[in-house]
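Engineer: Here you go, protein_14.pdb (PDB, C-alpha atoms and all ligand atoms):
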```
ATOM      1  CA  MET A 655     139.598  11.868  71.255  1.00  0.00           C
ATOM      2  CA  PHE A 656     143.334  11.159  71.230  1.00  0.00           C
ATOM      3  CA  GLY A 657     144.305   8.246  73.506  1.00  0.00           C
ATOM      4  CA  VAL A 658     147.647   7.472  75.123  1.00  0.00           C
ATOM      5  CA  LEU A 659     148.030   3.912  76.365  1.00  0.00           C
ATOM      6  CA  ALA A 660     149.062   4.286  79.990  1.00  0.00           C
ATOM      7  CA  VAL A 661     149.816   0.843  81.389  1.00  0.00           C
ATOM      8  CA  GLN A 662     153.626   1.345  81.473  1.00  0.00           C
ATOM      9  CA  GLY A 663     156.400   3.489  80.010  1.00  0.00           C
ATOM     10  CA  ALA A 664     156.923   7.095  78.920  1.00  0.00           C
ATOM     11  CA  VAL A 665     153.328   8.342  79.079  1.00  0.00           C
ATOM     12  CA  THR A 666     153.487  11.834  80.651  1.00  0.00           C
ATOM     13  CA  PRO A 667     155.675  13.534  77.998  1.00  0.00           C
ATOM     14  CA  HIS A 668     153.000  12.727  75.377  1.00  0.00           C
ATOM     15  CA  LEU A 669     150.258  14.217  77.542  1.00  0.00           C
ATOM     16  CA  LYS A 670     152.310  17.411  77.923  1.00  0.00           C
ATOM     17  CA  ILE A 671     152.740  17.743  74.141  1.00  0.00           C
ATOM     18  CA  LEU A 672     149.041  17.128  73.462  1.00  0.00           C
ATOM     19  CA  GLU A 673     148.163  19.705  76.110  1.00  0.00           C
ATOM     20  CA  LYS A 674     150.556  22.194  74.518  1.00  0.00           C
ATOM     21  CA  VAL A 675     148.954  21.837  71.070  1.00  0.00           C
ATOM     22  CA  ASN A 676     145.396  21.833  72.447  1.00  0.00           C
ATOM     23  CA  VAL A 677     144.430  18.360  71.259  1.00  0.00           C
ATOM     24  CA  PRO A 678     141.812  16.708  73.522  1.00  0.00           C
ATOM     25  CA  PHE A 679     143.220  13.488  74.957  1.00  0.00           C
ATOM     26  CA  THR A 680     142.655  10.742  77.483  1.00  0.00           C
ATOM     27  CA  THR A 681     144.891   8.130  79.069  1.00  0.00           C
ATOM     28  CA  VAL A 682     143.871   4.541  78.264  1.00  0.00           C
ATOM     29  CA  ARG A 683     143.998   1.800  80.877  1.00  0.00           C
ATOM     30  CA  THR A 684     140.719  -0.010  80.163  1.00  0.00           C
ATOM     31  CA  SER A 685     138.756  -1.244  77.140  1.00  0.00           C
ATOM     32  CA  GLU A 686     136.066   1.372  77.915  1.00  0.00           C
ATOM     33  CA  GLU A 687     138.642   4.156  77.733  1.00  0.00           C
ATOM     34  CA  LEU A 688     140.013   2.716  74.489  1.00  0.00           C
ATOM     35  CA  ALA A 689     136.509   2.703  73.005  1.00  0.00           C
ATOM     36  CA  SER A 690     136.257   6.481  73.589  1.00  0.00           C
ATOM     37  CA  THR A 691     139.318   7.199  71.410  1.00  0.00           C
ATOM     38  CA  SER A 692     139.686   7.845  67.681  1.00  0.00           C
ATOM     39  CA  ARG A 693     143.473   7.384  67.620  1.00  0.00           C
ATOM     40  CA  LEU A 694     146.029   5.903  69.997  1.00  0.00           C
ATOM     41  CA  ILE A 695     149.683   6.254  70.967  1.00  0.00           C
ATOM     42  CA  ILE A 696     151.443   3.190  72.363  1.00  0.00           C
ATOM     43  CA  PRO A 697     154.420   4.782  74.114  1.00  0.00           C
ATOM     44  CA  GLY A 698     157.949   3.548  74.629  1.00  0.00           C
ATOM     45  CA  GLY A 699     158.778   1.486  77.680  1.00  0.00           C
ATOM     46  CA  GLU A 700     159.241  -2.233  78.034  1.00  0.00           C
ATOM     47  CA  SER A 701     157.232  -4.211  75.513  1.00  0.00           C
ATOM     48  CA  THR A 702     157.371  -7.507  77.440  1.00  0.00           C
ATOM     49  CA  THR A 703     155.930  -5.849  80.548  1.00  0.00           C
ATOM     50  CA  MET A 704     153.268  -4.029  78.532  1.00  0.00           C
ATOM     51  CA  LEU A 705     152.308  -7.235  76.774  1.00  0.00           C
ATOM     52  CA  LYS A 706     151.898  -9.030  80.097  1.00  0.00           C
ATOM     53  CA  ILE A 707     149.731  -6.263  81.612  1.00  0.00           C
ATOM     54  CA  LEU A 708     147.652  -5.894  78.429  1.00  0.00           C
ATOM     55  CA  ARG A 709     146.948  -9.606  78.230  1.00  0.00           C
ATOM     56  CA  GLN A 710     146.031  -9.876  81.909  1.00  0.00           C
ATOM     57  CA  SER A 711     143.688  -6.896  81.721  1.00  0.00           C
ATOM     58  CA  GLY A 712     141.845  -7.957  78.566  1.00  0.00           C
ATOM     59  CA  LEU A 713     142.965  -4.777  76.797  1.00  0.00           C
ATOM     60  CA  TRP A 714     144.993  -6.890  74.337  1.00  0.00           C
ATOM     61  CA  GLN A 715     141.798  -8.303  72.832  1.00  0.00           C
ATOM     62  CA  SER A 716     140.322  -4.787  72.530  1.00  0.00           C
ATOM     63  CA  LEU A 717     143.509  -3.574  70.843  1.00  0.00           C
ATOM     64  CA  MET A 718     143.325  -6.487  68.381  1.00  0.00           C
ATOM     65  CA  GLU A 719     139.863  -5.244  67.402  1.00  0.00           C
ATOM     66  CA  TYR A 720     140.836  -1.543  67.316  1.00  0.00           C
ATOM     67  CA  LYS A 721     140.360  -0.051  63.829  1.00  0.00           C
ATOM     68  CA  ASN A 722     141.619   3.531  64.317  1.00  0.00           C
ATOM     69  CA  PRO A 723     145.106   4.970  63.739  1.00  0.00           C
ATOM     70  CA  ILE A 724     147.844   3.808  66.117  1.00  0.00           C
ATOM     71  CA  TRP A 725     151.345   5.241  66.555  1.00  0.00           C
ATOM     72  CA  GLY A 726     153.776   2.949  68.316  1.00  0.00           C
ATOM     73  CA  ILE A 727     156.986   4.328  69.754  1.00  0.00           C
ATOM     74  CA  CYS A 728     159.915   2.007  70.457  1.00  0.00           C
ATOM     75  CA  ALA A 729     158.247  -0.655  72.675  1.00  0.00           C
ATOM     76  CA  GLY A 730     154.964   0.373  70.997  1.00  0.00           C
ATOM     77  CA  ALA A 731     156.543  -0.218  67.569  1.00  0.00           C
ATOM     78  CA  ILE A 732     157.568  -3.687  68.732  1.00  0.00           C
ATOM     79  CA  LEU A 733     153.995  -4.463  69.826  1.00  0.00           C
ATOM     80  CA  LEU A 734     152.663  -3.359  66.405  1.00  0.00           C
ATOM     81  CA  SER A 735     155.212  -5.128  64.160  1.00  0.00           C
ATOM     82  CA  LYS A 736     154.348  -8.310  62.330  1.00  0.00           C
ATOM     83  CA  GLU A 737     157.615 -10.034  63.291  1.00  0.00           C
ATOM     84  CA  VAL A 738     159.494  -9.619  66.569  1.00  0.00           C
ATOM     85  CA  THR A 739     162.887 -11.161  67.319  1.00  0.00           C
ATOM     86  CA  HIS A 740     165.595 -11.152  70.029  1.00  0.00           C
ATOM     87  CA  PRO A 741     163.656 -12.721  71.579  1.00  0.00           C
ATOM     88  CA  GLU A 742     160.499 -13.572  69.688  1.00  0.00           C
ATOM     89  CA  GLN A 743     157.349 -12.187  71.245  1.00  0.00           C
ATOM     90  CA  PRO A 744     153.634 -12.083  70.349  1.00  0.00           C
ATOM     91  CA  SER A 745     152.512  -8.836  68.713  1.00  0.00           C
ATOM     92  CA  LEU A 746     149.482  -7.163  67.179  1.00  0.00           C
ATOM     93  CA  GLY A 747     151.079  -7.483  63.716  1.00  0.00           C
ATOM     94  CA  PHE A 748     149.277  -4.409  62.332  1.00  0.00           C
ATOM     95  CA  ILE A 749     152.260  -3.247  60.258  1.00  0.00           C
ATOM     96  CA  GLU A 750     154.356  -5.372  57.901  1.00  0.00           C
ATOM     97  CA  THR A 751     157.669  -4.743  59.610  1.00  0.00           C
ATOM     98  CA  LYS A 752     160.233  -6.733  61.501  1.00  0.00           C
ATOM     99  CA  ALA A 753     161.463  -5.490  64.876  1.00  0.00           C
ATOM    100  CA  ILE A 754     164.811  -6.641  66.227  1.00  0.00           C
ATOM    101  CA  ARG A 755     164.642  -5.719  69.882  1.00  0.00           C
ATOM    102  CA  ASN A 756     167.452  -3.756  71.565  1.00  0.00           C
ATOM    103  CA  ALA A 757     169.406  -3.760  68.298  1.00  0.00           C
ATOM    104  CA  TYR A 758     170.697  -0.207  68.871  1.00  0.00           C
ATOM    105  CA  GLY A 759     172.290  -1.381  72.127  1.00  0.00           C
ATOM    106  CA  SER A 760     171.643  -1.418  75.853  1.00  0.00           C
ATOM    107  CA  GLN A 761     170.432   1.387  78.114  1.00  0.00           C
ATOM    108  CA  ARG A 762     174.044   2.570  78.551  1.00  0.00           C
ATOM    109  CA  GLU A 763     174.400   2.850  74.790  1.00  0.00           C
ATOM    110  CA  SER A 764     171.399   5.156  74.434  1.00  0.00           C
ATOM    111  CA  PHE A 765     172.047   8.144  72.190  1.00  0.00           C
ATOM    112  CA  THR A 766     170.547  11.278  70.696  1.00  0.00           C
ATOM    113  CA  ALA A 767     170.631  11.776  66.925  1.00  0.00           C
ATOM    114  CA  THR A 768     169.193  13.858  64.114  1.00  0.00           C
ATOM    115  CA  ILE A 769     167.267  11.674  61.689  1.00  0.00           C
ATOM    116  CA  ASP A 770     166.848  12.240  57.955  1.00  0.00           C
ATOM    117  CA  SER A 771     163.213  13.003  57.271  1.00  0.00           C
ATOM    118  CA  LYS A 772     160.890  15.326  55.392  1.00  0.00           C
ATOM    119  CA  PHE A 773     159.795  16.376  58.884  1.00  0.00           C
ATOM    120  CA  LYS A 774     162.116  18.942  60.391  1.00  0.00           C
ATOM    121  CA  LEU A 775     162.691  17.329  63.776  1.00  0.00           C
ATOM    122  CA  PRO A 776     165.106  18.276  66.548  1.00  0.00           C
ATOM    123  CA  PRO A 777     167.573  15.566  67.691  1.00  0.00           C
ATOM    124  CA  VAL A 778     165.650  12.567  69.076  1.00  0.00           C
ATOM    125  CA  ASP A 779     166.440   9.869  71.648  1.00  0.00           C
ATOM    126  CA  PHE A 780     167.176   6.209  70.944  1.00  0.00           C
ATOM    127  CA  ILE A 781     166.793   4.207  74.176  1.00  0.00           C
ATOM    128  CA  ARG A 782     167.277   0.432  73.897  1.00  0.00           C
ATOM    129  CA  ALA A 783     165.675   0.945  70.513  1.00  0.00           C
ATOM    130  CA  PRO A 784     164.678  -1.822  68.114  1.00  0.00           C
ATOM    131  CA  LYS A 785     165.846  -1.924  64.507  1.00  0.00           C
ATOM    132  CA  LEU A 786     162.745  -1.799  62.348  1.00  0.00           C
ATOM    133  CA  SER A 787     162.619  -2.965  58.741  1.00  0.00           C
ATOM    134  CA  PRO A 788     159.773  -3.105  56.218  1.00  0.00           C
ATOM    135  CA  LEU A 789     158.681  -6.565  55.066  1.00  0.00           C
ATOM    136  CA  SER A 790     156.524  -5.124  52.287  1.00  0.00           C
ATOM    137  CA  LYS A 791     156.504  -2.308  49.724  1.00  0.00           C
ATOM    138  CA  ASN A 792     153.310  -1.087  51.337  1.00  0.00           C
ATOM    139  CA  VAL A 793     155.337   0.268  54.233  1.00  0.00           C
ATOM    140  CA  GLU A 794     156.327   3.888  53.632  1.00  0.00           C
ATOM    141  CA  VAL A 795     159.632   4.983  55.176  1.00  0.00           C
ATOM    142  CA  LEU A 796     159.306   8.524  56.579  1.00  0.00           C
ATOM    143  CA  GLY A 797     162.619   8.783  58.379  1.00  0.00           C
ATOM    144  CA  THR A 798     166.051   7.135  58.430  1.00  0.00           C
ATOM    145  CA  LEU A 799     169.206   7.148  60.509  1.00  0.00           C
ATOM    146  CA  ASN A 800     172.383   6.110  58.664  1.00  0.00           C
ATOM    147  CA  GLU A 801     170.074   4.884  55.904  1.00  0.00           C
ATOM    148  CA  GLU A 802     168.213   2.546  58.254  1.00  0.00           C
ATOM    149  CA  PRO A 803     164.449   3.122  58.587  1.00  0.00           C
ATOM    150  CA  VAL A 804     163.428   4.605  61.945  1.00  0.00           C
ATOM    151  CA  LEU A 805     160.013   6.110  61.126  1.00  0.00           C
ATOM    152  CA  MET A 806     157.456   4.226  59.019  1.00  0.00           C
ATOM    153  CA  LYS A 807     153.802   4.193  58.130  1.00  0.00           C
ATOM    154  CA  GLN A 808     151.420   1.696  56.589  1.00  0.00           C
ATOM    155  CA  GLY A 809     147.854   2.960  56.272  1.00  0.00           C
ATOM    156  CA  ARG A 810     146.572   3.835  59.741  1.00  0.00           C
ATOM    157  CA  ILE A 811     149.687   2.535  61.537  1.00  0.00           C
ATOM    158  CA  MET A 812     152.811   4.608  62.230  1.00  0.00           C
ATOM    159  CA  ILE A 813     155.896   3.389  64.102  1.00  0.00           C
ATOM    160  CA  SER A 814     159.111   5.004  65.256  1.00  0.00           C
ATOM    161  CA  SER A 815     162.116   3.411  66.903  1.00  0.00           C
ATOM    162  CA  PHE A 816     163.021   6.686  68.667  1.00  0.00           C
ATOM    163  CA  HIS A 817     161.418   8.758  71.399  1.00  0.00           C
ATOM    164  CA  ILE A 818     160.318  12.114  69.989  1.00  0.00           C
ATOM    165  CA  GLU A 819     158.205  13.040  73.011  1.00  0.00           C
ATOM    166  CA  LEU A 820     161.214  13.551  75.304  1.00  0.00           C
ATOM    167  CA  CYS A 821     162.306  16.641  73.362  1.00  0.00           C
ATOM    168  CA  GLY A 822     158.796  18.113  73.488  1.00  0.00           C
ATOM    169  CA  ASP A 823     158.504  18.693  69.723  1.00  0.00           C
ATOM    170  CA  PRO A 824     154.861  18.347  68.563  1.00  0.00           C
ATOM    171  CA  THR A 825     155.515  17.863  64.794  1.00  0.00           C
ATOM    172  CA  LEU A 826     154.833  14.120  64.686  1.00  0.00           C
ATOM    173  CA  HIS A 827     151.883  14.352  67.072  1.00  0.00           C
ATOM    174  CA  LEU A 828     150.287  16.920  64.754  1.00  0.00           C
ATOM    175  CA  TYR A 829     151.054  14.765  61.684  1.00  0.00           C
ATOM    176  CA  PHE A 830     149.654  11.636  63.353  1.00  0.00           C
ATOM    177  CA  ASN A 831     146.548  13.608  64.353  1.00  0.00           C
ATOM    178  CA  GLU A 832     145.786  14.069  60.625  1.00  0.00           C
ATOM    179  CA  ILE A 833     146.093  10.373  59.646  1.00  0.00           C
TER     180      ILE A 833
HETATM  181  N1  LIG B 901     163.885  -2.497  74.407  1.00  0.00           N
HETATM  182  C1  LIG B 901     162.532  -2.224  74.806  1.00  0.00           C
HETATM  183  C2  LIG B 901     161.619  -3.398  74.466  1.00  0.00           C
HETATM  184  O1  LIG B 901     162.049  -4.355  73.918  1.00  0.00           O
HETATM  185  C3  LIG B 901     162.004  -0.969  74.156  1.00  0.00           C
HETATM  186  C4  LIG B 901     162.733   0.253  74.672  1.00  0.00           C
HETATM  187  C5  LIG B 901     161.952   1.520  74.581  1.00  0.00           C
HETATM  188  O2  LIG B 901     160.735   1.533  74.387  1.00  0.00           O
HETATM  189  N2  LIG B 901     162.632   2.618  74.787  1.00  0.00           N
HETATM  190  O3  LIG B 901     160.473  -3.334  74.753  1.00  0.00           O
END
```
Kindly return the structure encoded in the file as structure tokens.
Ligand code: GLN
Structural biologist:
Amino acid sequence: MFGVLAVQGAVTPHLKILEKVNVPFTTVRTSEELASTSRLIIPGGESTTMLKILRQSGLWQSLMEYKNPIWGICAGAILLSKEVTHPEQPSLGFIETKAIRNAYGSQRESFTATIDSKFKLPPVDFIRAPKLSPLSKNVEVLGTLNEEPVLMKQGRIMISSFHIELCGDPTLHLYFNEI
């Protein structure tokens, strides 16, 4: 079962894509719901708010023990990265990357761009996006924008600094479903 963490942020667009491609899914708000999933999306939103809710609810501990694939988008990528700056913030640290929060600018400076990738993706949205950089050779870069990594994978963990779900394209959901 495909899970979408649903404590805050852009949850619904993911559910619509999963529905469209006929992948069974559930929203995740509790440790019990998390336990029923075999892979998880942590959507974009506000990582500080998510962190607060996750820690208060006990879900943080369950996520720390989660062994299945996770795809973190924007705020989700921040929560998964080993190092977080601007400002520093606790994280799960499941992928050897550094996340510089809001490095692509403020809400007003949000933009849509076509990334360079082996995946043929439509233009995607960068919304208060972090700059993500690998801290290890074990991190595989799967997409770049102006030669900066924006889509990466290390083992079971995938992160993207952009929102793909807002354009409704299922390519990355289908790829992640095979990890
Ligand atoms: N800037 C946000 C954060 O630090 C992330 C923005 C997003 O997920 N679109 O959590």
Engineer: Would you pick out the contacts of Ala757 of chain A at 8 Å or less, using only C-alpha atoms, so that residues sharing its chain but fewer than 6 positions from it are not included, and give the list as a JSON list (two decimals) with C-alpha atoms, in the coordinates of the input?
Structural biologist:
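Output below, filename part-v2.json:
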```json
[["chain", "number", "residue", "atom", "x", "y", "z"],
["A", 782, "ARG", "CA", 167.28, 0.43, 73.90],
["A", 783, "ALA", "CA", 165.68, 0.94, 70.51],
["A", 784, "PRO", "CA", 164.68, -1.82, 68.11],
["A", 785, "LYS", "CA", 165.85, -1.92, 64.51]]
```
Engineer: Just want the 8 Å neighbourhood of Ile695 of chain A, counted on all atoms listed in the file, with same-chain residues fewer than 6 positions away dropped. Output as a PDB file with C-alpha atoms, in the frame of the given file.
Structural biologist:
```pdb
ATOM      1  CA  GLY A 657     144.305   8.246  73.506  1.00  0.00           C
ATOM      2  CA  VAL A 658     147.647   7.472  75.123  1.00  0.00           C
ATOM      3  CA  LEU A 659     148.030   3.912  76.365  1.00  0.00           C
ATOM      4  CA  ILE A 724     147.844   3.808  66.117  1.00  0.00           C
ATOM      5  CA  TRP A 725     151.345   5.241  66.555  1.00  0.00           C
ATOM      6  CA  GLY A 726     153.776   2.949  68.316  1.00  0.00           C
ATOM      7  CA  ILE A 727     156.986   4.328  69.754  1.00  0.00           C
ATOM      8  CA  GLY A 730     154.964   0.373  70.997  1.00  0.00           C
TER       9      GLY A 730
END
```
Engineer: Would you kindly translate the PyMOL selection byres (((chain A and resi 794) around 6) and not hetatm) into the concrete residues it picks from this file, as a list in words?
Structural biologist: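 Expected selection for the PyMOL selection byres (((chain A and resi 794) around 6) and not hetatm) here is Val793, Val795, Met806 and Lys807 of chain A.
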Engineer: Sorted by chain and rising residue number, which residues of chain A lie within 9 Å of ligand LIG 901 (chain B), and what are their closest atom pairs and distances in Å to one decimal, counting all atoms listed in the file, as CSV?
Structural biologist:
```
residue,atom,partner,partner_atom,distance
A:Gly663,CA,B:LIG901,O2,7.4
A:Ala664,CA,B:LIG901,O2,8.1
A:Pro697,CA,B:LIG901,O2,7.1
A:Gly698,CA,B:LIG901,O2,3.4
A:Gly699,CA,B:LIG901,O2,3.8
A:Glu700,CA,B:LIG901,O3,3.7
A:Ser701,CA,B:LIG901,O3,3.4
A:Thr702,CA,B:LIG901,O3,5.9
A:Thr703,CA,B:LIG901,O3,7.8
A:Met704,CA,B:LIG901,O3,8.2
A:Ile727,CA,B:LIG901,O2,6.6
A:Cys728,CA,B:LIG901,O2,4.0
A:Ala729,CA,B:LIG901,O2,3.7
A:Gly730,CA,B:LIG901,O2,6.8
A:Ala731,CA,B:LIG901,O2,8.2
A:Ile732,CA,B:LIG901,O3,6.7
A:Leu733,CA,B:LIG901,O3,8.2
A:His740,CA,B:LIG901,O1,8.6
A:Pro741,CA,B:LIG901,O1,8.8
A:Ile754,CA,B:LIG901,O1,8.5
A:Arg755,CA,B:LIG901,O1,5.0
A:Asn756,CA,B:LIG901,N1,4.7
A:Ala757,CA,B:LIG901,N1,8.3
A:Gly759,CA,B:LIG901,N1,8.8
A:Ser760,CA,B:LIG901,N1,8.0
A:Gln761,CA,B:LIG901,N1,8.5
A:Asp779,CA,B:LIG901,N2,8.8
A:Phe780,CA,B:LIG901,N2,7.0
A:Ile781,CA,B:LIG901,N2,4.5
A:Arg782,CA,B:LIG901,N1,4.5
A:Ala783,CA,B:LIG901,C4,5.1
A:Pro784,CA,B:LIG901,N1,6.4
A:Ser815,CA,B:LIG901,O2,7.8
A:Phe816,CA,B:LIG901,N2,7.4
A:His817,CA,B:LIG901,N2,7.1
```
Engineer: Atom CA of His668 of chain A and atom CA of Pro824 of chain A, how far apart in Å?
Structural biologist: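 Computing the Euclidean distance for atom CA of Pro824 of chain A and atom CA of His668 of chain A yields 9.0 Å.
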Engineer: Rounded to one decimal place, report the atom CA of Thr798 of chain A-atom CA of Pro777 of chain A distance in Å.
Structural biologist: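 So the two atoms, atom CA of Thr798 of chain A and atom CA of Pro777 of chain A, lie 12.6 Å apart.
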Engineer: Report as a ChimeraX atom specification the residues that result from applying the PyMOL selection byres (((chain A and resi 689) around 12) and not hetatm) to the structure here.
Structural biologist: /A:655-657,680-688,690-694,713,716-717,719-722
Engineer: Take the PyMOL selection byres (((chain A and resi 799) around 10) and not hetatm), apply it to the structure above, and return the hits as a list of chain:residue names.
Structural biologist: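 Written out, the selection comes to A:Ala767, A:Thr768, A:Ile769, A:Asp770, A:Ser771, A:Gly797, A:Thr798, A:Asn800, A:Glu801, A:Glu802, A:Pro803, A:Val804, A:Leu805.
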Engineer: Using all atoms listed in the file, can you list as a count of residues only the residues within 9 Å of (153.0, -10.6, 59.2)?
Structural biologist: 10
